[in-house]
$ cat structure16.txt   # compact mmCIF, C-alpha atoms (C1' of nucleotides)
# COMPACT_ATOMS: atom_id res chain seq x y z
CA MET D 192 13.83 1.75 -26.95
CA ALA D 193 15.78 4.48 -28.56
CA ARG D 194 17.53 2.60 -31.36
CA GLY D 195 18.38 -0.85 -32.51
CA ALA D 196 16.27 -3.98 -31.99
CA TYR D 197 14.51 -3.77 -35.34
CA HIS D 198 15.77 -6.41 -37.64
CA HIS D 199 18.97 -7.58 -36.12
CA GLY D 200 18.32 -7.03 -32.48
CA ASP D 201 20.90 -4.43 -31.68
CA LEU D 202 23.22 -4.13 -34.60
CA ARG D 203 24.91 -1.01 -33.33
CA ARG D 204 26.00 -2.76 -30.16
CA ALA D 205 26.95 -5.90 -32.02
CA LEU D 206 29.17 -3.93 -34.39
CA LEU D 207 30.92 -2.12 -31.57
CA ASP D 208 31.54 -5.42 -29.79
CA ALA D 209 32.82 -6.97 -32.99
CA ALA D 210 35.13 -4.00 -33.46
CA VAL D 211 36.58 -4.47 -29.99
CA GLU D 212 37.15 -8.12 -30.75
CA ALA D 213 38.76 -7.43 -34.10
CA ILE D 214 41.01 -4.70 -32.73
CA GLU D 215 42.16 -6.92 -29.90
CA GLU D 216 43.04 -9.56 -32.46
CA SER D 217 44.99 -7.48 -34.93
CA GLY D 218 45.04 -3.82 -34.01
CA PRO D 219 42.99 -0.87 -35.18
CA ALA D 220 44.88 -0.49 -38.43
CA ALA D 221 43.62 -3.79 -39.77
CA LEU D 222 40.01 -3.05 -38.89
CA SER D 223 37.53 -3.55 -41.72
CA LEU D 224 33.89 -2.56 -41.72
CA ARG D 225 33.09 -5.44 -44.00
CA ASP D 226 34.65 -7.85 -41.57
CA LEU D 227 32.57 -6.43 -38.76
CA ALA D 228 29.47 -6.82 -40.89
CA ARG D 229 30.36 -10.45 -41.55
CA ARG D 230 30.90 -11.08 -37.86
CA ALA D 231 27.48 -9.63 -37.11
CA GLY D 232 25.89 -11.55 -39.95
CA VAL D 233 24.66 -8.56 -41.93
CA SER D 234 25.43 -7.10 -45.33
CA HIS D 235 28.54 -5.07 -46.00
CA ALA D 236 26.67 -1.77 -46.11
CA ALA D 237 24.77 -2.16 -42.86
CA PRO D 238 27.42 -0.49 -40.68
CA ALA D 239 27.20 2.68 -42.72
CA HIS D 240 23.62 3.18 -41.66
CA HIS D 241 24.55 3.31 -37.99
CA PHE D 242 27.87 5.08 -38.09
CA GLY D 243 28.10 6.82 -41.42
CA ASP D 244 31.62 5.72 -42.12
CA LYS D 245 34.59 4.04 -40.52
CA ALA D 246 35.62 7.15 -38.63
CA GLY D 247 32.08 7.34 -37.28
CA LEU D 248 32.30 3.88 -35.82
CA LEU D 249 35.65 4.60 -34.23
CA THR D 250 34.29 7.87 -32.89
CA ALA D 251 31.52 5.96 -31.15
CA LEU D 252 34.11 3.57 -29.79
CA ALA D 253 36.16 6.46 -28.46
CA VAL D 254 33.13 7.97 -26.74
CA GLU D 255 32.39 4.66 -25.11
CA GLY D 256 36.02 4.36 -24.07
CA TYR D 257 36.19 7.78 -22.47
CA ASP D 258 32.97 7.15 -20.60
CA ARG D 259 34.11 3.81 -19.28
CA LEU D 260 37.46 5.28 -18.32
CA ALA D 261 35.73 8.08 -16.42
CA ALA D 262 33.61 5.56 -14.53
CA THR D 263 36.66 3.45 -13.76
CA LEU D 264 38.62 6.40 -12.40
CA VAL D 265 35.72 7.65 -10.29
CA ALA D 266 35.27 4.18 -8.82
CA ALA D 267 38.95 4.12 -7.86
CA GLY D 268 38.40 6.85 -5.28
CA ASP D 269 40.59 9.89 -4.69
CA ASP D 270 43.88 8.26 -3.88
CA LEU D 271 46.36 9.00 -6.62
CA LEU D 272 48.02 5.64 -6.43
CA GLU D 273 44.74 3.80 -6.86
CA VAL D 274 43.53 6.11 -9.60
CA GLY D 275 46.79 5.63 -11.43
CA VAL D 276 46.64 1.87 -11.11
CA ALA D 277 43.04 1.97 -12.31
CA TYR D 278 44.15 3.95 -15.37
CA VAL D 279 46.75 1.35 -16.24
CA ARG D 280 44.36 -1.51 -15.58
CA PHE D 281 41.79 0.11 -17.86
CA ALA D 282 44.32 0.31 -20.66
CA VAL D 283 45.28 -3.33 -20.20
CA ASP D 284 41.74 -4.64 -19.83
CA HIS D 285 40.20 -2.48 -22.56
CA ARG D 286 43.07 -2.14 -24.93
CA ALA D 287 40.85 -1.78 -27.99
CA HIS D 288 39.05 1.24 -26.58
CA PHE D 289 42.24 2.70 -25.18
CA GLU D 290 44.19 2.39 -28.40
CA VAL D 291 41.49 4.10 -30.41
CA MET D 292 41.00 6.90 -27.87
CA PHE D 293 44.56 8.13 -28.21
CA ARG D 294 44.85 7.70 -31.96
CA PRO D 295 43.21 10.88 -33.17
CA ASP D 296 43.92 10.20 -36.82
CA LEU D 297 41.42 7.34 -36.71
CA TYR D 298 38.30 9.18 -35.63
CA ARG D 299 36.73 12.63 -35.36
CA ARG D 300 38.34 14.23 -32.36
CA ASP D 301 36.21 17.35 -32.66
CA ASP D 302 32.96 15.44 -32.41
CA PRO D 303 30.91 17.03 -29.60
CA GLU D 304 30.09 13.68 -28.00
CA VAL D 305 33.77 12.81 -27.88
CA ALA D 306 34.64 16.17 -26.44
CA ALA D 307 32.04 15.77 -23.70
CA ALA D 308 33.14 12.27 -22.80
CA ARG D 309 36.76 13.32 -22.80
CA GLY D 310 35.85 16.15 -20.51
CA ARG D 311 34.25 13.74 -18.06
CA ALA D 312 37.31 11.51 -18.07
CA GLY D 313 39.56 14.52 -17.60
CA ALA D 314 37.55 15.67 -14.60
CA ALA D 315 37.78 12.24 -13.01
CA LEU D 316 41.51 12.26 -13.57
CA ARG D 317 41.96 15.69 -12.02
CA ALA D 318 39.89 14.66 -9.04
CA GLY D 319 42.21 11.74 -8.44
CA VAL D 320 45.32 13.84 -8.68
CA VAL D 321 44.36 16.13 -5.82
CA SER D 322 45.92 13.77 -3.34
CA VAL D 323 49.28 13.83 -5.06
CA ARG D 324 50.23 16.84 -2.98
CA ARG D 325 49.90 15.01 0.26
CA GLY D 326 53.00 15.73 2.26
CA ARG D 327 54.13 18.32 -0.25
CA ALA D 328 53.92 22.03 -0.58
CA PRO D 329 50.80 23.16 -2.42
CA ALA D 330 51.37 23.64 -6.11
CA ASP D 331 51.02 27.00 -7.75
CA PRO D 332 49.73 29.94 -5.78
CA ALA D 333 47.07 30.30 -8.47
CA PRO D 334 45.13 27.02 -8.49
CA SER D 335 44.46 25.55 -11.89
CA ALA D 336 41.28 26.82 -13.43
CA GLY D 337 38.81 24.96 -15.64
CA ASP D 338 40.36 22.25 -17.74
CA GLU D 339 43.93 23.26 -17.10
CA LEU D 340 46.32 20.78 -15.61
CA ASP D 341 48.99 21.87 -13.20
CA ARG D 342 52.41 20.32 -13.16
CA ASP D 343 51.58 17.61 -10.64
CA ALA D 344 48.56 16.46 -12.58
CA LEU D 345 50.49 16.49 -15.83
CA ALA D 346 53.29 14.44 -14.30
CA ALA D 347 50.85 11.93 -12.87
CA TRP D 348 48.95 11.59 -16.12
CA SER D 349 52.16 11.30 -18.10
CA ILE D 350 53.61 8.56 -15.96
CA VAL D 351 50.52 6.35 -15.97
CA HIS D 352 49.80 6.98 -19.62
CA GLY D 353 53.38 6.31 -20.56
CA PHE D 354 53.50 3.09 -18.62
CA ALA D 355 50.21 1.93 -20.12
CA THR D 356 51.28 2.82 -23.65
CA LEU D 357 54.65 1.13 -23.36
CA TRP D 358 53.03 -1.96 -21.92
CA LEU D 359 50.47 -2.13 -24.73
CA ALA D 360 53.21 -1.67 -27.30
CA GLY D 361 55.04 -4.62 -25.84
CA ALA D 362 58.03 -2.40 -25.24
CA LEU D 363 58.58 -3.32 -21.62
CA PRO D 364 61.00 -6.12 -20.91
CA GLY D 365 60.37 -9.46 -19.28
CA GLY D 366 58.90 -9.49 -15.85
CA THR D 367 56.67 -6.49 -16.37
CA ASP D 368 54.53 -8.49 -18.76
CA ARG D 369 53.24 -10.89 -16.19
CA ASP D 370 51.98 -8.43 -13.62
CA PRO D 371 51.59 -4.96 -15.10
CA GLU D 372 49.58 -3.78 -12.13
CA ALA D 373 52.32 -4.44 -9.61
CA ALA D 374 54.92 -2.82 -11.83
CA ALA D 375 52.64 0.17 -12.34
CA ARG D 376 52.19 0.51 -8.58
CA ALA D 377 55.92 0.63 -8.05
CA VAL D 378 56.41 3.17 -10.81
CA ILE D 379 53.63 5.46 -9.67
CA ARG D 380 54.83 5.39 -6.08
CA ARG D 381 58.03 6.87 -7.40
CA LEU D 382 56.10 10.14 -7.71
CA PHE D 383 55.81 10.72 -3.99
CA GLU D 384 58.64 8.98 -2.31
CA MET M 298 77.59 2.59 -53.57
CA ALA M 299 75.71 -0.15 -51.85
CA ARG M 300 72.22 0.38 -53.20
CA GLY M 301 70.06 2.82 -55.06
CA ALA M 302 71.13 5.32 -57.72
CA TYR M 303 70.20 3.18 -60.69
CA HIS M 304 67.18 4.54 -62.41
CA HIS M 305 65.67 6.83 -59.91
CA GLY M 306 68.67 7.97 -57.95
CA ASP M 307 67.87 6.63 -54.54
CA LEU M 308 64.35 5.39 -54.55
CA ARG M 309 64.62 3.70 -51.20
CA ARG M 310 65.51 6.96 -49.49
CA ALA M 311 62.94 8.90 -51.48
CA LEU M 312 60.21 6.49 -50.42
CA LEU M 313 61.16 6.69 -46.76
CA ASP M 314 61.17 10.47 -46.94
CA ALA M 315 57.82 10.47 -48.70
CA ALA M 316 56.48 8.17 -46.00
CA VAL M 317 57.58 10.57 -43.30
CA GLU M 318 55.90 13.40 -45.13
CA ALA M 319 52.69 11.47 -45.67
CA ILE M 320 52.52 10.27 -42.08
CA GLU M 321 53.06 13.78 -40.79
CA GLU M 322 50.19 14.92 -42.97
CA SER M 323 47.59 12.34 -42.09
CA GLY M 324 48.92 9.68 -39.77
CA PRO M 325 50.28 6.20 -40.36
CA ALA M 326 46.84 4.65 -40.79
CA ALA M 327 46.20 6.53 -44.02
CA LEU M 328 49.57 5.63 -45.50
CA SER M 329 49.42 4.18 -48.99
CA LEU M 330 52.30 2.63 -50.88
CA ARG M 331 50.77 3.81 -54.14
CA ASP M 332 50.71 7.36 -52.87
CA LEU M 333 54.37 7.13 -51.92
CA ALA M 334 55.14 5.80 -55.38
CA ARG M 335 53.31 8.75 -56.94
CA ARG M 336 55.19 11.20 -54.76
CA ALA M 337 58.47 9.65 -55.86
CA GLY M 338 57.37 9.57 -59.48
CA VAL M 339 57.61 5.83 -59.97
CA SER M 340 55.12 3.08 -60.71
CA HIS M 341 52.89 1.63 -58.03
CA ALA M 342 54.88 -1.59 -57.77
CA ALA M 343 58.29 -0.03 -57.34
CA PRO M 344 58.15 0.14 -53.52
CA ALA M 345 57.62 -3.60 -53.30
CA HIS M 346 61.04 -4.23 -54.75
CA HIS M 347 62.80 -2.31 -52.00
CA PHE M 348 60.67 -3.21 -49.01
CA GLY M 349 58.72 -6.30 -49.94
CA ASP M 350 55.46 -5.02 -48.57
CA LYS M 351 53.99 -2.23 -46.53
CA ALA M 352 55.11 -3.73 -43.24
CA GLY M 353 58.62 -3.93 -44.67
CA LEU M 354 58.66 -0.23 -45.39
CA LEU M 355 57.41 0.60 -41.92
CA THR M 356 59.96 -1.77 -40.44
CA ALA M 357 62.70 0.16 -42.19
CA LEU M 358 61.20 3.37 -40.87
CA ALA M 359 61.18 1.97 -37.35
CA VAL M 360 64.83 0.94 -37.62
CA GLU M 361 65.74 4.41 -38.77
CA GLY M 362 63.71 5.89 -35.94
CA TYR M 363 65.33 3.80 -33.22
CA ASP M 364 68.77 4.62 -34.57
CA ARG M 365 68.09 8.33 -34.69
CA LEU M 366 66.57 8.21 -31.23
CA ALA M 367 69.65 6.43 -29.89
CA ALA M 368 71.90 9.07 -31.42
CA THR M 369 69.75 11.85 -29.99
CA LEU M 370 69.81 10.39 -26.50
CA VAL M 371 73.54 9.81 -26.56
CA ALA M 372 74.13 13.37 -27.69
CA ALA M 373 72.07 14.62 -24.76
CA GLY M 374 74.69 13.43 -22.29
CA ASP M 375 74.09 11.59 -19.05
CA ASP M 376 71.89 14.04 -17.22
CA LEU M 377 68.44 12.54 -16.81
CA LEU M 378 66.66 15.82 -17.28
CA GLU M 379 68.40 16.51 -20.56
CA VAL M 380 67.99 12.97 -21.80
CA GLY M 381 64.29 13.14 -20.97
CA VAL M 382 63.85 16.44 -22.72
CA ALA M 383 65.72 15.05 -25.72
CA TYR M 384 63.33 12.10 -25.80
CA VAL M 385 60.33 14.40 -25.89
CA ARG M 386 61.93 16.66 -28.45
CA PHE M 387 62.66 13.67 -30.65
CA ALA M 388 59.01 12.63 -30.53
CA VAL M 389 57.87 16.13 -31.41
CA ASP M 390 60.43 16.70 -34.16
CA HIS M 391 60.22 13.22 -35.68
CA ARG M 392 56.63 12.36 -35.01
CA ALA M 393 56.33 10.09 -38.04
CA HIS M 394 59.20 7.88 -36.94
CA PHE M 395 58.09 7.96 -33.34
CA GLU M 396 54.50 7.03 -34.05
CA VAL M 397 55.53 4.05 -36.15
CA MET M 398 58.11 2.84 -33.64
CA PHE M 399 55.55 2.33 -30.92
CA ARG M 400 52.81 0.90 -33.11
CA PRO M 401 53.89 -2.73 -33.32
CA ASP M 402 50.85 -3.82 -35.31
CA LEU M 403 52.15 -1.84 -38.26
CA TYR M 404 55.53 -3.47 -38.76
CA ARG M 405 57.59 -6.54 -37.95
CA ARG M 406 58.69 -6.11 -34.39
CA ASP M 407 60.71 -9.32 -34.44
CA ASP M 408 62.84 -8.22 -37.34
CA PRO M 409 66.50 -8.56 -36.29
CA GLU M 410 67.42 -5.10 -37.54
CA VAL M 411 64.63 -3.59 -35.49
CA ALA M 412 65.63 -5.56 -32.43
CA ALA M 413 69.23 -4.39 -32.76
CA ALA M 414 68.26 -0.76 -33.22
CA ARG M 415 65.84 -0.94 -30.34
CA GLY M 416 68.60 -2.39 -28.23
CA ARG M 417 70.85 0.55 -29.04
CA ALA M 418 68.14 3.03 -28.12
CA GLY M 419 67.43 1.15 -24.91
CA ALA M 420 71.07 1.25 -23.93
CA ALA M 421 71.21 4.98 -24.53
CA LEU M 422 68.13 5.43 -22.42
CA ARG M 423 69.52 3.37 -19.56
CA ALA M 424 72.77 5.30 -19.67
CA GLY M 425 70.85 8.53 -19.23
CA VAL M 426 68.87 7.24 -16.31
CA VAL M 427 71.91 6.52 -14.16
CA SER M 428 71.88 10.04 -12.88
CA VAL M 429 68.32 9.81 -11.63
CA ARG M 430 69.61 8.45 -8.38
CA ARG M 431 71.55 11.55 -7.58
CA GLY M 432 70.78 12.47 -4.00
CA ARG M 433 68.91 9.23 -3.48
CA ALA M 434 69.68 5.87 -2.05
CA PRO M 435 71.02 3.45 -4.62
CA ALA M 436 68.35 1.33 -6.20
CA ASP M 437 68.29 -2.42 -5.79
CA PRO M 438 71.17 -4.17 -4.10
CA ALA M 439 71.42 -6.32 -7.23
CA PRO M 440 72.05 -3.94 -10.12
CA SER M 441 69.90 -4.52 -13.16
CA ALA M 442 71.45 -6.95 -15.58
CA GLY M 443 71.34 -6.92 -19.35
CA ASP M 444 68.24 -5.32 -20.78
CA GLU M 445 66.30 -5.16 -17.55
CA LEU M 446 65.04 -1.88 -16.29
CA ASP M 447 64.86 -1.07 -12.63
CA ARG M 448 62.06 0.93 -11.13
CA ASP M 449 63.76 4.30 -11.53
CA ALA M 450 64.46 3.72 -15.19
CA LEU M 451 60.95 2.50 -15.80
CA ALA M 452 59.47 5.54 -14.08
CA ALA M 453 61.66 7.88 -16.09
CA TRP M 454 60.89 6.20 -19.37
CA SER M 455 57.18 6.12 -18.57
CA ILE M 456 56.97 9.79 -17.73
CA VAL M 457 58.77 11.05 -20.81
CA HIS M 458 57.05 8.57 -23.10
CA GLY M 459 53.67 9.39 -21.64
CA PHE M 460 54.20 13.11 -22.01
CA ALA M 461 55.39 12.69 -25.59
CA THR M 462 52.50 10.42 -26.51
CA LEU M 463 49.88 12.67 -24.98
CA TRP M 464 51.38 15.67 -26.71
CA LEU M 465 51.39 13.92 -30.07
CA ALA M 466 47.80 12.82 -29.58
CA GLY M 467 46.82 16.43 -28.99
CA ALA M 468 45.48 15.43 -25.60
CA LEU M 469 47.25 18.11 -23.61
CA PRO M 470 45.39 21.33 -23.00
CA GLY M 471 46.22 24.81 -24.13
CA GLY M 472 49.53 26.24 -23.09
CA THR M 473 51.42 22.99 -23.37
CA ASP M 474 51.03 23.06 -27.11
CA ARG M 475 53.15 26.09 -27.68
CA ASP M 476 56.22 25.03 -25.76
CA PRO M 477 56.25 21.29 -25.16
CA GLU M 478 59.89 21.34 -24.17
CA ALA M 479 59.40 23.69 -21.23
CA ALA M 480 56.38 21.73 -20.03
CA ALA M 481 58.32 18.50 -20.36
CA ARG M 482 61.17 19.96 -18.30
CA ALA M 483 58.82 20.87 -15.51
CA VAL M 484 57.18 17.46 -15.55
CA ILE M 485 60.42 15.51 -15.59
CA ARG M 486 61.87 17.57 -12.76
CA ARG M 487 58.99 16.30 -10.71
CA LEU M 488 60.84 13.00 -10.56
CA PHE M 489 63.59 14.25 -8.32
CA GLU M 490 62.26 17.11 -6.33
C1' DG N 203 83.41 -3.98 -77.06
C1' DG N 204 80.13 -7.00 -76.49
C1' DC N 205 77.66 -10.46 -73.74
C1' DG N 206 75.34 -12.29 -69.95
C1' DA N 207 73.63 -11.69 -65.30
C1' DC N 208 71.35 -9.10 -62.25
C1' DA N 209 69.12 -5.32 -59.88
C1' DT N 210 65.68 -2.05 -60.89
C1' DC N 211 61.47 -0.66 -62.37
C1' DT N 212 56.78 -1.19 -65.28
C1' DT N 213 52.43 -3.16 -66.76
C1' DG N 214 48.71 -5.89 -65.81
C1' DC N 215 45.91 -8.34 -62.89
C1' DC N 216 43.19 -10.11 -58.61
C1' DG N 217 40.65 -9.84 -54.38
C1' DC N 218 39.57 -6.80 -50.82
C1' DT N 219 38.02 -2.42 -48.89
C1' DG N 220 35.28 2.05 -48.01
C1' DA N 221 31.86 4.81 -49.86
C1' DC N 222 27.84 5.84 -52.40
C1' DA N 223 23.18 5.08 -54.78
C1' DA N 224 19.05 2.81 -55.30
C1' DG N 225 15.98 -0.62 -54.03
C1' DT N 226 13.63 -3.79 -50.40
C1' DT N 227 11.75 -5.18 -45.95
C1' DA N 228 9.71 -4.61 -41.57
C1' DG N 229 8.01 -2.26 -37.60
C1' DG N 230 5.11 1.61 -35.72
C1' DC N 231 1.36 5.17 -36.17
C1' DT N 232 -3.06 6.97 -37.26
C1' DA U 185 -5.95 -0.56 -44.10
C1' DG U 186 -2.52 2.41 -45.45
C1' DC U 187 1.51 4.93 -45.03
C1' DC U 188 5.93 6.45 -43.21
C1' DT U 189 10.27 5.82 -41.96
C1' DA U 190 14.07 3.25 -39.89
C1' DA U 191 16.76 -0.71 -40.92
C1' DC U 192 18.93 -3.29 -44.00
C1' DT U 193 20.31 -5.33 -48.98
C1' DT U 194 22.16 -5.31 -53.56
C1' DG U 195 24.95 -3.34 -56.86
C1' DT U 196 28.61 -0.47 -58.25
C1' DC U 197 32.97 2.28 -58.31
C1' DA U 198 37.64 3.82 -57.41
C1' DG U 199 41.62 2.95 -54.63
C1' DC U 200 44.57 -0.19 -52.27
C1' DG U 201 48.09 -4.18 -51.33
C1' DG U 202 50.21 -7.95 -53.36
C1' DC U 203 51.67 -10.95 -56.97
C1' DA U 204 53.43 -12.32 -61.69
C1' DA U 205 55.55 -11.46 -65.87
C1' DG U 206 57.92 -8.54 -68.72
C1' DA U 207 60.92 -4.53 -69.96
C1' DT U 208 65.08 -1.67 -69.13
C1' DG U 209 69.19 -0.11 -67.58
C1' DT U 210 73.91 -1.12 -65.37
C1' DC U 211 77.78 -3.69 -64.27
C1' DG U 212 81.34 -7.39 -64.24
C1' DC U 213 83.90 -10.05 -67.17
C1' DC U 214 86.20 -12.00 -71.03
$ encode --input "structure16.txt" --output "structure tokens"
Amino acid sequence: MARGAYHHGDLRRALLDAAVEAIEESGPAALSLRDLARRAGVSHAAPAHHFGDKAGLLTALAVEGYDRLAATLVAAGDDLLEVGVAYVRFAVDHRAHFEVMFRPDLYRRDDPEVAAARGRAGAALRAGVVSVRRGRAPADPAPSAGDELDRDALAAWSIVHGFATLWLAGALPGGTDRDPEAAARAVIRRLFE
Amino acid sequence: MARGAYHHGDLRRALLDAAVEAIEESGPAALSLRDLARRAGVSHAAPAHHFGDKAGLLTALAVEGYDRLAATLVAAGDDLLEVGVAYVRFAVDHRAHFEVMFRPDLYRRDDPEVAAARGRAGAALRAGVVSVRRGRAPADPAPSAGDELDRDALAAWSIVHGFATLWLAGALPGGTDRDPEAAARAVIRRLFE
DNA sequence: GGCGACATCTTGCCGCTGACAAGTTAGGCT
DNA sequence: AGCCTAACTTGTCAGCGGCAAGATGTCGCC
């Protein structure tokens, strides 16, 4: 076993899980390392050993989030509508991860692990956006190279990310709250109707 | 004069301005009332008198943000493209206000002043979205009532909000950074082409 | 013109937090 | 057996938010 399972069992995992729980309860701003330590039943300085500092813990959470998002998007196939719905569902179902991922002032965005995981998620997203051009003229004559996003991809990402963010912020009125997935479907479809 | 201008001049305003400055420097998570007090040259407890607590200060900032956003959107006219671009420009130019507004765990979302200001911004947004249906079939047979948003409005709001959020998070690659407005224009146009 | 009432701001304190330093325990290796 | 190192604890410090109590300035009012 690579790490963990010495004294506590797997403290690193337990702390990350506790962080998710705490963030879902009261948002990332109110997160406290000492509270996480209490939840895991260890001393207040134990988290520092695994993550260095608070930003380190949130960096690990962001890495995990990007990886899970990538897996979710890949599993959704290559249909833009389904990939988009999967993006929104990920945000709703894993709001703690999602909120941290797009809050760069909370963690170390330049961390190489984060960059790699973000790259994987970005690739999965681009793969899903290919189908957006169905029934449309091809985009630019010069196809996007490397990690660039063409206009279609940017529009698709914007619309699903915006919907997810507004939903998480509680900014959407009434009926949307009950079934975000259906509302997201309708909104995304607006891109190619 | 209604308030302020006793000892300091206008401490309330000075604190809000200092908050904007501090948030632009290092994000809302790192905001400290004591730091704001130092910037304004007053004691550490002075902010409490004007705002009660930290959430009170951020609530005031959110109210100000929604009001300024409403004014910005109204000034942009009733063309969806221009309203959308104005939304993005507001986020970029007033990132401190914008970031607080959509971070409901930081302030009191149910505050009546916030609700009123948010209502004004929402109305301005809806007014701008009317034109999205140009060249399209009218939306639902039953027009949206009160503060409801139909699918077109939701799609428009999502796409501009998503673009703005991603830009602020530094998630957009390369070229978008230099001229967010042009990129936003291209993305929004995607809604009715 | 002086007095009281009030808004404004200060000083002092408490518990909590993140970070650091130094010590302790426990598992693995030879 | 003996050691090494990872994993954790204990102790400490400065900074923070929030509260209480006091000081100071400003205004209405007679």
$ residues_around --input "structure16.txt" --residues "stretch 187-202 of chain U" --least-positions-apart "5" --cutoff "10 Å" --atoms "all atoms listed in the file" --output "mmCIF file with C-alpha atoms (C1' of nucleotides), in the coordinates of the input"
data_model
loop_
_atom_site.group_PDB
_atom_site.id
_atom_site.type_symbol
_atom_site.label_atom_id
_atom_site.label_comp_id
_atom_site.auth_asym_id
_atom_site.auth_seq_id
_atom_site.Cartn_x
_atom_site.Cartn_y
_atom_site.Cartn_z
ATOM 1 C CA ARG D 194 17.530 2.600 -31.360
ATOM 2 C CA GLY D 195 18.380 -0.850 -32.510
ATOM 3 C CA ALA D 196 16.270 -3.980 -31.990
ATOM 4 C CA TYR D 197 14.510 -3.770 -35.340
ATOM 5 C CA HIS D 198 15.770 -6.410 -37.640
ATOM 6 C CA HIS D 199 18.970 -7.580 -36.120
ATOM 7 C CA LEU D 202 23.220 -4.130 -34.600
ATOM 8 C CA VAL D 233 24.660 -8.560 -41.930
ATOM 9 C CA SER D 234 25.430 -7.100 -45.330
ATOM 10 C CA HIS D 235 28.540 -5.070 -46.000
ATOM 11 C CA ALA D 236 26.670 -1.770 -46.110
ATOM 12 C CA ALA D 237 24.770 -2.160 -42.860
ATOM 13 C CA PRO D 238 27.420 -0.490 -40.680
ATOM 14 C CA HIS D 240 23.620 3.180 -41.660
ATOM 15 C CA HIS D 241 24.550 3.310 -37.990
ATOM 16 C CA SER M 329 49.420 4.180 -48.990
ATOM 17 C CA LEU M 330 52.300 2.630 -50.880
ATOM 18 C CA ARG M 331 50.770 3.810 -54.140
ATOM 19 C CA ASP M 332 50.710 7.360 -52.870
ATOM 20 C CA ALA M 342 54.880 -1.590 -57.770
ATOM 21 C CA ALA M 345 57.620 -3.600 -53.300
ATOM 22 C CA GLY M 349 58.720 -6.300 -49.940
ATOM 23 C CA ASP M 350 55.460 -5.020 -48.570
ATOM 24 C CA LYS M 351 53.990 -2.230 -46.530
ATOM 25 C "C1'" DC N 216 43.190 -10.110 -58.610
ATOM 26 C "C1'" DG N 217 40.650 -9.840 -54.380
ATOM 27 C "C1'" DC N 218 39.570 -6.800 -50.820
ATOM 28 C "C1'" DT N 219 38.020 -2.420 -48.890
ATOM 29 C "C1'" DG N 220 35.280 2.050 -48.010
ATOM 30 C "C1'" DA N 221 31.860 4.810 -49.860
ATOM 31 C "C1'" DC N 222 27.840 5.840 -52.400
ATOM 32 C "C1'" DA N 223 23.180 5.080 -54.780
ATOM 33 C "C1'" DA N 224 19.050 2.810 -55.300
ATOM 34 C "C1'" DG N 225 15.980 -0.620 -54.030
ATOM 35 C "C1'" DT N 226 13.630 -3.790 -50.400
ATOM 36 C "C1'" DT N 227 11.750 -5.180 -45.950
ATOM 37 C "C1'" DA N 228 9.710 -4.610 -41.570
ATOM 38 C "C1'" DG N 229 8.010 -2.260 -37.600
ATOM 39 C "C1'" DG N 230 5.110 1.610 -35.720
ATOM 40 C "C1'" DC N 231 1.360 5.170 -36.170
ATOM 41 C "C1'" DT N 232 -3.060 6.970 -37.260
#
$ atom_distance --input "structure16.txt" --atom1 "atom CA of D:Ala253" --atom2 "atom CA of D:Ala308"
8.7 Å
$ interface_residues --input "structure16.txt" --of "chain D" --to "chain M" --cutoff "8 Å" --atoms "only C-alpha atoms" --output "tab-separated table (two decimals) with C-alpha atoms, keeping the file's coordinate frame"
chain	number	residue	atom	x	y	z
D	217	SER	CA	44.99	-7.48	-34.93
D	218	GLY	CA	45.04	-3.82	-34.01
D	220	ALA	CA	44.88	-0.49	-38.43
D	293	PHE	CA	44.56	8.13	-28.21
D	294	ARG	CA	44.85	7.70	-31.96
D	295	PRO	CA	43.21	10.88	-33.17
D	296	ASP	CA	43.92	10.20	-36.82
D	297	LEU	CA	41.42	7.34	-36.71
D	338	ASP	CA	40.36	22.25	-17.74
D	339	GLU	CA	43.93	23.26	-17.10
D	340	LEU	CA	46.32	20.78	-15.61
D	342	ARG	CA	52.41	20.32	-13.16
D	343	ASP	CA	51.58	17.61	-10.64
D	345	LEU	CA	50.49	16.49	-15.83
D	346	ALA	CA	53.29	14.44	-14.30
D	348	TRP	CA	48.95	11.59	-16.12
D	349	SER	CA	52.16	11.30	-18.10
D	350	ILE	CA	53.61	8.56	-15.96
D	351	VAL	CA	50.52	6.35	-15.97
D	352	HIS	CA	49.80	6.98	-19.62
D	353	GLY	CA	53.38	6.31	-20.56
D	354	PHE	CA	53.50	3.09	-18.62
D	356	THR	CA	51.28	2.82	-23.65
D	357	LEU	CA	54.65	1.13	-23.36
D	360	ALA	CA	53.21	-1.67	-27.30
D	361	GLY	CA	55.04	-4.62	-25.84
D	362	ALA	CA	58.03	-2.40	-25.24
D	364	PRO	CA	61.00	-6.12	-20.91
D	365	GLY	CA	60.37	-9.46	-19.28
D	377	ALA	CA	55.92	0.63	-8.05
D	378	VAL	CA	56.41	3.17	-10.81
D	379	ILE	CA	53.63	5.46	-9.67
D	381	ARG	CA	58.03	6.87	-7.40
D	382	LEU	CA	56.10	10.14	-7.71
$ atom_distance --input "structure16.txt" --atom1 "atom CA of D:Ala261" --atom2 "atom CA of D:Glu215"
21.2 Å
$ atom_distance --input "structure16.txt" --atom1 "atom CA of D:His285" --atom2 "atom CA of M:Ala418"
29.0 Å
$ closest_residue --input "structure16.txt" --among "M:Ala319, M:Ala334, M:Ala383, M:Ala420" --to "chain N" --atoms "only C-alpha atoms (C1' of nucleotides)"
M:Ala334
